[in-house]
Every structure is written in C-alpha cells, then in structure tokens.
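A short write-up of the structure that comes next.
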Amino acid sequence: MDKFLIEQSLNLKGDIYIEGAKNSCLPILAACILSNGNVIIKRVPFLSDINIMCNLLKEIGITVNKDLINKTLNINTKNIFNKQVSYELVKKIRASFLLAGPLLARFGKVSIQMPGGCAIGVRPIDLHLKGFKALGAEIIQEHGVIEINAKNGLIGTEIYLDFPSVGATENIIMASVLAKGETIVSNCATEPEIVDLIEFLNKMGAKIEGGGTETIKIKGVDSLNNCTHTIIPDRIEAGTFLVLGAATKGEINIFNINCEHLKAITSKLKEINVDIEEKDNLIKVYSKNIFKNVDIKTMPYPGFPTDMQPQFMSLMSIVNGTSIINETIFENRFMHASELSLMGANIKVEGSSAIISGVEKITGSKVKATDLRAGAALIIAGLCAEGVTEISDIYHIERGYYNIEEKLKNIGAKIKKIRV
Ligand code: EPZ
C-alpha cells in the first residue's frame, strides 16, 4: 500500500490551480443517463471516484471517452440498456446510488445494491427512497438489493425533505425531470453542486427552477438531449489549500475558484486572523499574524461545510487557546482526532463536539487516513509538525485530491509517496 512521507514544510509559497468539483462531477455523470445524445463534460477531475463512476456508466452500455490532457469526457448514450451494475464497483463509492434516480426516470425501474455506509457514518438513503415513492415508485429491499419499480411511470408531486440531504436532492431531481407533471421539492439542499447539476440538466432541455434555494420546481419533459458543460471549481479542494497555506504561514495563490462558494471558509479564516485577498477567480492566503482560536459548527450550505471540518481541526490544534468544533452533519466524523493526538494534539471528543486545546507544537508520527478529508487534515498537520510524518491508507486522499503530491511539491512541500 502507498504511503506519504511528509517533512515539516513551513512558509510554503506558490500557485495552486483548483480542479473541477468531484461532488458536482459525480451527480452530473449519473445524469448523463437521462440524455438521448452526446454529452461533453469539461474540467473533469480524473480521481478514482470519477473513474469508478465512468466504469459504472460503461456497464450499462454508455460510451465514455476520456481526454486526460484536456480534462474532458465525451459521453454517448445511444447504446444504453438497463441492468444491475456490479457490486464490486457500487461498494467502492456511495455516489453509485445516484444512478438510481436517472435509471428510474429513463427505464421506469432499477435494481441496485445498497451502497452501505462508510467511515464517517451510516449514510442512510431513506430520504432518496421517500422521494421515489412519492413519485409513484414501489420499493422492495431484500438481501442488500433495492428494486424500485414505477409500473405506471413517475408522476410529479410535492416532496418535503426532513433534512436537506445533498444526495437525496440530486436523486429526486434526476428522477423527476422526465416525470408527468410538476414536482416541487421543499427543504432541499442548496449546495453549489446542486446548482451545477440543475444547470447541466436545463442545458439538456430540462425545466428546473429554484436551484440554490430551498424549494426546487421540476416540470417533467419528454426527453433530454446533447450538451456541453464545464464543472464548477472544487470549493473543498480550494478550502483545503487555504487552510494549508494558513497553517504553514505560507503565501499561496489559489486560481480557478469561485469566491462566493468559499464564503463560510474565508470568513472563518479571517476570524482566525488569517490574511486573505480575493480577486475574481483568485484567492491569496498569507499570514504572519498570531492566529486566534475559534468555534466551528458544521451546517448545510451556505453554513460551514462538514467537508472542511477535519482540515480546520488540524489548524486549531496548533493555535493557542481552546476551540470547539460541533459536527452536526455526520455522526462519526472525528476519527482524525485520534490520529492528530498521536502527533501531540490535545483534543477531547464528547459526542458531536470536539474540544481542541492548542499546543505549542506537534511532532511527526505514523498516522492513518481514515477517510478523504481526514487524510487531508493529516497532510496539513504533517506539514506543520516537527520531523517526519508517515501517512498510510492514502488511497482515501487520492479519491478527492487530484495530483496532490505534485501540487504540494510545486509550493515547496517536502512530500514523497512510497510504496510498501
Ligand atoms: C454529499 O454526501 C457529499 N458527497 C459529501 O462529501 C458531503 O459531506 C455531504 O454531501 C454533506 O455536504 C457527494 O456529493 C458525493 P447528505 P451525501 O445526503 O449526499 C443524512 C466528501 O468528503 N441522510 O447531505 O451522502 C446523512 O446520514 C464527501 O467529498 C439521511 O438521514 O450527504 C447525513 O447525516 C463526504 N437520509 C446527512 O443526511 C438520507 O436519505 C447529510 O447527508 C440521506 C442523508
């Protein structure tokens, strides 16, 4: 298994170019199932999760041509057919369940294995299924497989989400675009990735209003056609490098971003006394200041994103004073706390809160990436820690950060990948 060896690397300097958003590209790939023609997707982050989703599409007859140089996918669905995709791929990424909505919309039925939970939580799909049922589908769950069947087709309706689930909002939108009549989804997620999916679907001929608000209206249409779409920038990759630049007291220019999507992150960094300069699609982070401890509560967008919680925990671990992080989205998203403690961080976890008492210094140690963002947090800690940090299970990190080793080296980080 590969590992990262990271030596203390402070005052990192240079330019970072952000990729397209993984969490926008995944639902958009699933939505290609709804197209009757050719789809060209640009600014694709060719991460392992994206490659798995491409392989899932190929299993149902969709042609997927990758142009790695131009970070583009050329997709054609003329030979599409409906079948249960292989469990080996489904269990690798939870986002595989995003195939359910478009397959149900296109074929009127779908059979797919339960995606299962992951390190950060049980990850139920009850809200997805509530939406499908409301649209007229019958659901049978047996032996880990979900059979969803809309014998009389899908009929537009009103759906209220008990929680603004990102995935459930995406799946219900995709199930509704070919339904008869209008669907209104209330209390839905407002993340930028939802807005991007809606823009993509509308380009193909869908009639969806309210993207980015808590109420989305979908008027069913007969079919969807060709389109070309560029994925929005990855706000979590950008946020990760912002925190990394602050923690290492560096001076980093981060290009290809949308400042609006980063408001919660940049506001929190300014509260900590980090210097941030925002210009069009560029953010500059630099800071020689003394940082202040802050409290964080993760919330659905536009609140502070749960996907940035681990990275901030690393930063707050070496800021004088006590910070409290309240994780309200996932029930088990503090596993990085024990890994950071191995490096000398002083963190107590009590239920959904972590109490971080800043320490003078942390030191390099052997630690393990437990999930994607926890891995990013350990990279940040490793860059700040005295000595050398060895991070194992780095496949988690490579799921969400394209070419991270090269990007870090380009700003002066002492990092190398070793195969053991
Ligand atoms: C998406 O996951 C993201 N993944 C996650 O990013 C992100 O952390 C999450 O949204 C929250 O922002 C992708 O977009 C591929 P949810 P998703 O449904 O859709 C509960 C990363 O690091 N819930 O909004 O699975 C659920 O248990 C990943 O890139 C139900 O109870 O998130 C959780 O507590 C990690 N029933 C909360 O909602 C449901 O039917 C948020 O889940 C669905 C969800």
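Here, A, B, ... name the chains of the structure tokens in the order displayed, residue numbers run from 1 inside each chain, and ligands are numbered from 1 in the same displayed order.
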
For chain A versus ligand 1, which residues have an atom no more than 6 Å away, and what is each residue's nearest atom pair and distance in Å rounded to one decimal, using only C-alpha atoms and all ligand atoms, chain-then-number order, as a Markdown table?
| residue | atom | partner | partner_atom_place_in_ligand_line | distance |
| --- | --- | --- | --- | --- |
| A:Asn23 | CA | ligand 1 | 14 (O) | 4.1 |
| A:Ala95 | CA | ligand 1 | 15 (C) | 5.1 |
| A:Arg123 | CA | ligand 1 | 27 (O) | 4.1 |
| A:Pro124 | CA | ligand 1 | 36 (N) | 4.6 |
| A:Ile125 | CA | ligand 1 | 40 (O) | 3.3 |
| A:Asp126 | CA | ligand 1 | 40 (O) | 4.0 |
| A:Leu127 | CA | ligand 1 | 40 (O) | 3.5 |
| A:His128 | CA | ligand 1 | 40 (O) | 4.9 |
| A:Ser165 | CA | ligand 1 | 24 (O) | 3.5 |
| A:Val166 | CA | ligand 1 | 24 (O) | 3.8 |
| A:Gly167 | CA | ligand 1 | 19 (O) | 3.3 |
| A:Ala168 | CA | ligand 1 | 43 (C) | 5.7 |
| A:Thr306 | CA | ligand 1 | 8 (O) | 5.7 |
| A:Asp307 | CA | ligand 1 | 8 (O) | 5.1 |
| A:Ile329 | CA | ligand 1 | 34 (O) | 4.7 |
| A:Phe330 | CA | ligand 1 | 34 (O) | 4.3 |
| A:Leu372 | CA | ligand 1 | 22 (O) | 5.7 |
| A:Arg373 | CA | ligand 1 | 22 (O) | 5.6 |

With all heavy atoms retained, export the selected residues as a compact mmCIF listing (two decimals), in the first residue's frame.
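Output file result-v2.txt follows:
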# COMPACT_ATOMS: atom_id res chain seq x y z
N ASN A 23 -17.69 16.49 -6.27
CA ASN A 23 -19.07 16.28 -5.83
C ASN A 23 -20.11 16.94 -6.73
O ASN A 23 -21.30 16.85 -6.48
CB ASN A 23 -19.24 16.76 -4.38
CG ASN A 23 -18.48 15.85 -3.43
OD1 ASN A 23 -18.01 14.77 -3.82
ND2 ASN A 23 -18.33 16.27 -2.19
N ALA A 95 -21.61 7.26 -3.98
CA ALA A 95 -22.29 8.07 -5.01
C ALA A 95 -22.88 7.18 -6.09
O ALA A 95 -23.66 7.64 -6.92
CB ALA A 95 -21.29 9.06 -5.63
N ARG A 123 -24.85 6.62 6.72
CA ARG A 123 -25.22 7.13 5.38
C ARG A 123 -26.52 6.49 4.86
O ARG A 123 -26.54 5.81 3.85
CB ARG A 123 -24.08 6.92 4.38
CG ARG A 123 -22.70 7.28 4.84
CD ARG A 123 -22.43 8.77 5.04
NE ARG A 123 -22.46 9.57 3.87
CZ ARG A 123 -21.41 9.79 3.07
NH1 ARG A 123 -20.27 9.21 3.34
NH2 ARG A 123 -21.52 10.57 2.01
N PRO A 124 -27.62 6.66 5.57
CA PRO A 124 -28.89 6.07 5.11
C PRO A 124 -29.36 6.70 3.80
O PRO A 124 -28.87 7.75 3.40
CB PRO A 124 -29.86 6.39 6.25
CG PRO A 124 -29.27 7.55 6.95
CD PRO A 124 -27.78 7.45 6.79
N ILE A 125 -30.32 6.03 3.14
CA ILE A 125 -30.86 6.56 1.87
C ILE A 125 -32.38 6.70 1.97
O ILE A 125 -33.08 6.76 0.94
CB ILE A 125 -30.48 5.65 0.68
CG1 ILE A 125 -30.85 4.20 0.98
CG2 ILE A 125 -29.01 5.78 0.33
CD1 ILE A 125 -30.74 3.28 -0.21
N ASP A 126 -32.89 6.77 3.21
CA ASP A 126 -34.35 6.82 3.39
C ASP A 126 -34.99 8.02 2.69
O ASP A 126 -36.11 7.91 2.15
CB ASP A 126 -34.69 6.83 4.89
CG ASP A 126 -34.02 7.98 5.61
OD1 ASP A 126 -32.79 8.14 5.50
OD2 ASP A 126 -34.74 8.77 6.27
N LEU A 127 -34.30 9.15 2.64
CA LEU A 127 -34.90 10.34 2.01
C LEU A 127 -34.94 10.19 0.48
O LEU A 127 -35.88 10.63 -0.17
CB LEU A 127 -34.12 11.59 2.42
CG LEU A 127 -34.15 11.91 3.92
CD1 LEU A 127 -33.28 13.13 4.23
CD2 LEU A 127 -35.58 12.13 4.42
N HIS A 128 -33.92 9.50 -0.06
CA HIS A 128 -33.95 9.21 -1.51
C HIS A 128 -35.20 8.37 -1.80
O HIS A 128 -35.96 8.65 -2.71
CB HIS A 128 -32.71 8.39 -1.93
CG HIS A 128 -31.38 9.02 -1.66
ND1 HIS A 128 -30.46 9.30 -2.64
CD2 HIS A 128 -30.78 9.39 -0.50
CE1 HIS A 128 -29.36 9.82 -2.12
NE2 HIS A 128 -29.53 9.89 -0.81
N SER A 165 -30.72 16.87 2.48
CA SER A 165 -29.70 15.92 2.02
C SER A 165 -29.26 16.27 0.60
O SER A 165 -30.09 16.42 -0.31
CB SER A 165 -30.29 14.50 2.03
OG SER A 165 -29.64 13.68 1.09
N VAL A 166 -27.94 16.37 0.40
CA VAL A 166 -27.39 16.67 -0.93
C VAL A 166 -27.76 15.55 -1.91
O VAL A 166 -28.36 15.78 -2.96
CB VAL A 166 -25.86 16.85 -0.84
CG1 VAL A 166 -25.24 16.94 -2.23
CG2 VAL A 166 -25.51 18.07 -0.01
N GLY A 167 -27.44 14.32 -1.55
CA GLY A 167 -27.68 13.19 -2.45
C GLY A 167 -29.15 12.97 -2.75
O GLY A 167 -29.54 12.72 -3.89
N ALA A 168 -29.99 13.10 -1.69
CA ALA A 168 -31.43 12.89 -1.91
C ALA A 168 -31.98 13.98 -2.84
O ALA A 168 -32.78 13.68 -3.74
CB ALA A 168 -32.16 12.90 -0.57
N THR A 306 -19.15 20.56 6.39
CA THR A 306 -18.59 19.42 7.13
C THR A 306 -17.32 18.91 6.46
O THR A 306 -16.41 18.44 7.14
CB THR A 306 -19.62 18.29 7.25
OG1 THR A 306 -19.01 17.16 7.86
CG2 THR A 306 -20.17 17.86 5.90
N ASP A 307 -17.21 19.05 5.14
CA ASP A 307 -16.03 18.53 4.42
C ASP A 307 -14.78 19.35 4.69
O ASP A 307 -13.70 18.97 4.24
CB ASP A 307 -16.30 18.50 2.91
CG ASP A 307 -17.32 17.46 2.55
OD1 ASP A 307 -17.65 16.63 3.43
OD2 ASP A 307 -17.82 17.47 1.42
N ILE A 329 -23.49 17.22 10.95
CA ILE A 329 -23.93 16.53 9.73
C ILE A 329 -23.72 15.02 9.80
O ILE A 329 -24.63 14.24 9.51
CB ILE A 329 -23.21 17.10 8.47
CG1 ILE A 329 -23.38 18.61 8.39
CG2 ILE A 329 -23.69 16.37 7.21
CD1 ILE A 329 -24.80 19.09 8.14
N PHE A 330 -22.53 14.59 10.18
CA PHE A 330 -22.24 13.14 10.25
C PHE A 330 -21.97 12.72 11.68
O PHE A 330 -21.36 13.47 12.45
CB PHE A 330 -21.05 12.79 9.35
CG PHE A 330 -21.35 12.89 7.89
CD1 PHE A 330 -20.82 13.90 7.12
CD2 PHE A 330 -22.21 11.97 7.29
CE1 PHE A 330 -21.12 14.01 5.76
CE2 PHE A 330 -22.52 12.07 5.93
CZ PHE A 330 -21.97 13.09 5.17
N LEU A 372 -11.46 10.53 3.38
CA LEU A 372 -10.93 11.51 2.43
C LEU A 372 -10.46 12.81 3.08
O LEU A 372 -9.30 13.23 2.96
CB LEU A 372 -12.05 11.76 1.42
CG LEU A 372 -12.07 12.91 0.49
CD1 LEU A 372 -10.81 12.95 -0.33
CD2 LEU A 372 -13.29 12.79 -0.40
N ARG A 373 -11.30 13.45 3.85
CA ARG A 373 -10.96 14.77 4.39
C ARG A 373 -10.07 14.62 5.64
O ARG A 373 -9.25 15.49 5.91
CB ARG A 373 -12.21 15.58 4.71
CG ARG A 373 -13.19 15.67 3.57
CD ARG A 373 -12.59 16.25 2.30
NE ARG A 373 -13.55 16.16 1.18
CZ ARG A 373 -13.32 16.53 -0.05
NH1 ARG A 373 -12.15 17.02 -0.37
NH2 ARG A 373 -14.21 16.40 -0.99

- Message: Which residues are near A:Gly220? Cut-off 6 Å, only C-alpha atoms, ignore same chain within fewer than 6 positions. Put them as a ChimeraX atom specification.
- Response: /A:177-182

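Using only C-alpha atoms, the protein and nucleic acid residues lying no more than 9 Å from A:Val145, apart from those fewer than 5 places from it along its own chain, are Ser111, Ile112, Gln113, Met114 and Ile140 of chain A.
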
Okay, now the selection with C-alpha atoms, as a PDB file, in the first residue's frame?
ATOM      1  CA  SER A 111     -32.274  -2.753  -9.340  1.00  0.00           C
ATOM      2  CA  ILE A 112     -29.194  -1.673  -7.402  1.00  0.00           C
ATOM      3  CA  GLN A 113     -27.323  -2.879  -4.336  1.00  0.00           C
ATOM      4  CA  MET A 114     -27.417  -0.822  -1.154  1.00  0.00           C
ATOM      5  CA  ILE A 140     -38.585  -3.698  -2.324  1.00  0.00           C
TER       6      ILE A 140
END

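Using only C-alpha atoms, the contacts of A:Tyr395 at a cut-off of 12 Å, with sequence neighbours closer than 5 positions omitted, comprise Met1, Asp2, Lys3, Phe4, Leu47, Ser48, Asp49, Lys92, Lys368, Ala369, Thr370, Asp371, Leu372, Arg373, Ala374, Gly375, Ala376, Gly400, Tyr401, Tyr402, Ile404, Lys417 and Arg419 of chain A.
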
- Contacts of A:Tyr17 at 10 Å or less, counting only C-alpha atoms, minus same-chain residues fewer than 2 places along, as a list in words? Asp15, Glu19, Pro233, Glu237, Ala238, Asn253, Ile254, Phe255, Asn256, Ile257, Leu282 and Lys407 of chain A

- Per DSSP on the backbone, what are the helix (DSSP H, G or I) residues of stretch 147-201 of chain A, as an MDAnalysis selection string? chainID A and resid 166:176 192:201

Per-residue nearest contacts of stretch 99-172 of chain A to stretch 67-81 of chain A (12 Å; only C-alpha atoms) as a tab-separated table:
residue	atom	partner	partner_atom	distance
A:Leu103	CA	A:Phe81	CA	9.5
A:Arg106	CA	A:Phe81	CA	9.8
A:Phe107	CA	A:Phe81	CA	8.6
A:Lys109	CA	A:Phe81	CA	11.7
A:Val110	CA	A:Phe81	CA	11.1

- Extract, using only C-alpha atoms, all DNA, RNA and protein residues at most 9 Å from A:Ile290, discarding same-chain residues fewer than 3 positions from it, and format them as a PyMOL selection string. chain A and resi 272-274+287+319-320

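Distances to A:Asn346 were evaluated for A:Asn332, A:Ser317, A:Ser86, A:Ser323 using only C-alpha atoms, and the minimum falls at A:Ser317.
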
- Would you mind listing what lies within 9 Å of A:Asp280 as a VMD selection string, with only C-alpha atoms counted and same-chain residues fewer than 3 positions away left out? chain A and resid 257 to 259 283

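Comparing the minimum interatomic distances between A:Thr248 and each of A:Gly382, A:Gly303, A:Gly358, A:Gly211, counting only C-alpha atoms, we find that A:Gly382 sits nearest.
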
Could you produce a table of the residues of stretch 218-238 of chain A lying within 9 Å of stretch 187-203 of chain A, with the nearest pair of atoms per residue and their separation in Å rounded to one decimal, using only C-alpha atoms, ordered by chain and increasing residue number, as JSON lines?
{"residue": "A:Leu224", "atom": "CA", "partner": "A:Leu201", "partner_atom": "CA", "distance": 7.9}
{"residue": "A:Asn225", "atom": "CA", "partner": "A:Lys203", "partner_atom": "CA", "distance": 8.4}
{"residue": "A:Asn226", "atom": "CA", "partner": "A:Lys203", "partner_atom": "CA", "distance": 8.1}
{"residue": "A:Cys227", "atom": "CA", "partner": "A:Lys203", "partner_atom": "CA", "distance": 6.1}
{"residue": "A:Thr228", "atom": "CA", "partner": "A:Lys203", "partner_atom": "CA", "distance": 8.0}
{"residue": "A:His229", "atom": "CA", "partner": "A:Phe200", "partner_atom": "CA", "distance": 6.4}
{"residue": "A:Thr230", "atom": "CA", "partner": "A:Phe200", "partner_atom": "CA", "distance": 8.8}
{"residue": "A:Ile231", "atom": "CA", "partner": "A:Asp196", "partner_atom": "CA", "distance": 7.2}
{"residue": "A:Ile232", "atom": "CA", "partner": "A:Asp196", "partner_atom": "CA", "distance": 6.8}
{"residue": "A:Arg235", "atom": "CA", "partner": "A:Pro192", "partner_atom": "CA", "distance": 9.0}

- Task: Looking only at strand (DSSP E) from DSSP on the backbone, list the matching residues of stretch 160-275 of chain A as JSON, numbers by chain.
- Result: {"A": [160, 182, 183, 184, 185, 186, 207, 208, 209, 215, 216, 217, 218, 219, 227, 228, 229, 230, 251, 252, 253, 254, 255, 275]}

How about saving the chosen residues, C-alpha atoms kept, as an mmCIF file, in the first residue's frame?
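Now in out-v7.cif:
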data_model
loop_
_atom_site.group_PDB
_atom_site.id
_atom_site.type_symbol
_atom_site.label_atom_id
_atom_site.label_comp_id
_atom_site.auth_asym_id
_atom_site.auth_seq_id
_atom_site.Cartn_x
_atom_site.Cartn_y
_atom_site.Cartn_z
ATOM 1 C CA TYR A 160 -40.649 17.593 1.665
ATOM 2 C CA GLU A 182 -44.582 19.162 -11.942
ATOM 3 C CA THR A 183 -42.569 18.140 -8.864
ATOM 4 C CA ILE A 184 -41.872 20.556 -6.025
ATOM 5 C CA VAL A 185 -39.089 19.614 -3.595
ATOM 6 C CA SER A 186 -39.075 21.589 -0.313
ATOM 7 C CA LYS A 207 -37.241 22.644 -16.938
ATOM 8 C CA ILE A 208 -35.967 23.177 -13.394
ATOM 9 C CA GLU A 209 -36.293 26.352 -11.313
ATOM 10 C CA THR A 215 -37.566 24.931 -2.953
ATOM 11 C CA ILE A 216 -36.928 23.451 -6.381
ATOM 12 C CA LYS A 217 -39.606 23.054 -9.100
ATOM 13 C CA ILE A 218 -39.171 20.473 -11.848
ATOM 14 C CA LYS A 219 -41.572 20.432 -14.831
ATOM 15 C CA CYS A 227 -24.976 19.381 -24.099
ATOM 16 C CA THR A 228 -21.522 20.626 -23.237
ATOM 17 C CA HIS A 229 -20.827 21.596 -19.638
ATOM 18 C CA THR A 230 -17.880 22.769 -17.550
ATOM 19 C CA GLU A 251 1.893 32.696 0.838
ATOM 20 C CA ILE A 252 -0.228 30.795 -1.702
ATOM 21 C CA ASN A 253 -2.195 31.998 -4.728
ATOM 22 C CA ILE A 254 -5.167 29.757 -5.454
ATOM 23 C CA PHE A 255 -6.545 30.017 -9.006
ATOM 24 C CA ASP A 275 -4.863 37.381 5.742
#

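Using only C-alpha atoms, the shortest contact distance between A:Glu88 and any of A:Leu56, A:Cys118, A:Leu5, A:Ala30 is found at A:Leu56.
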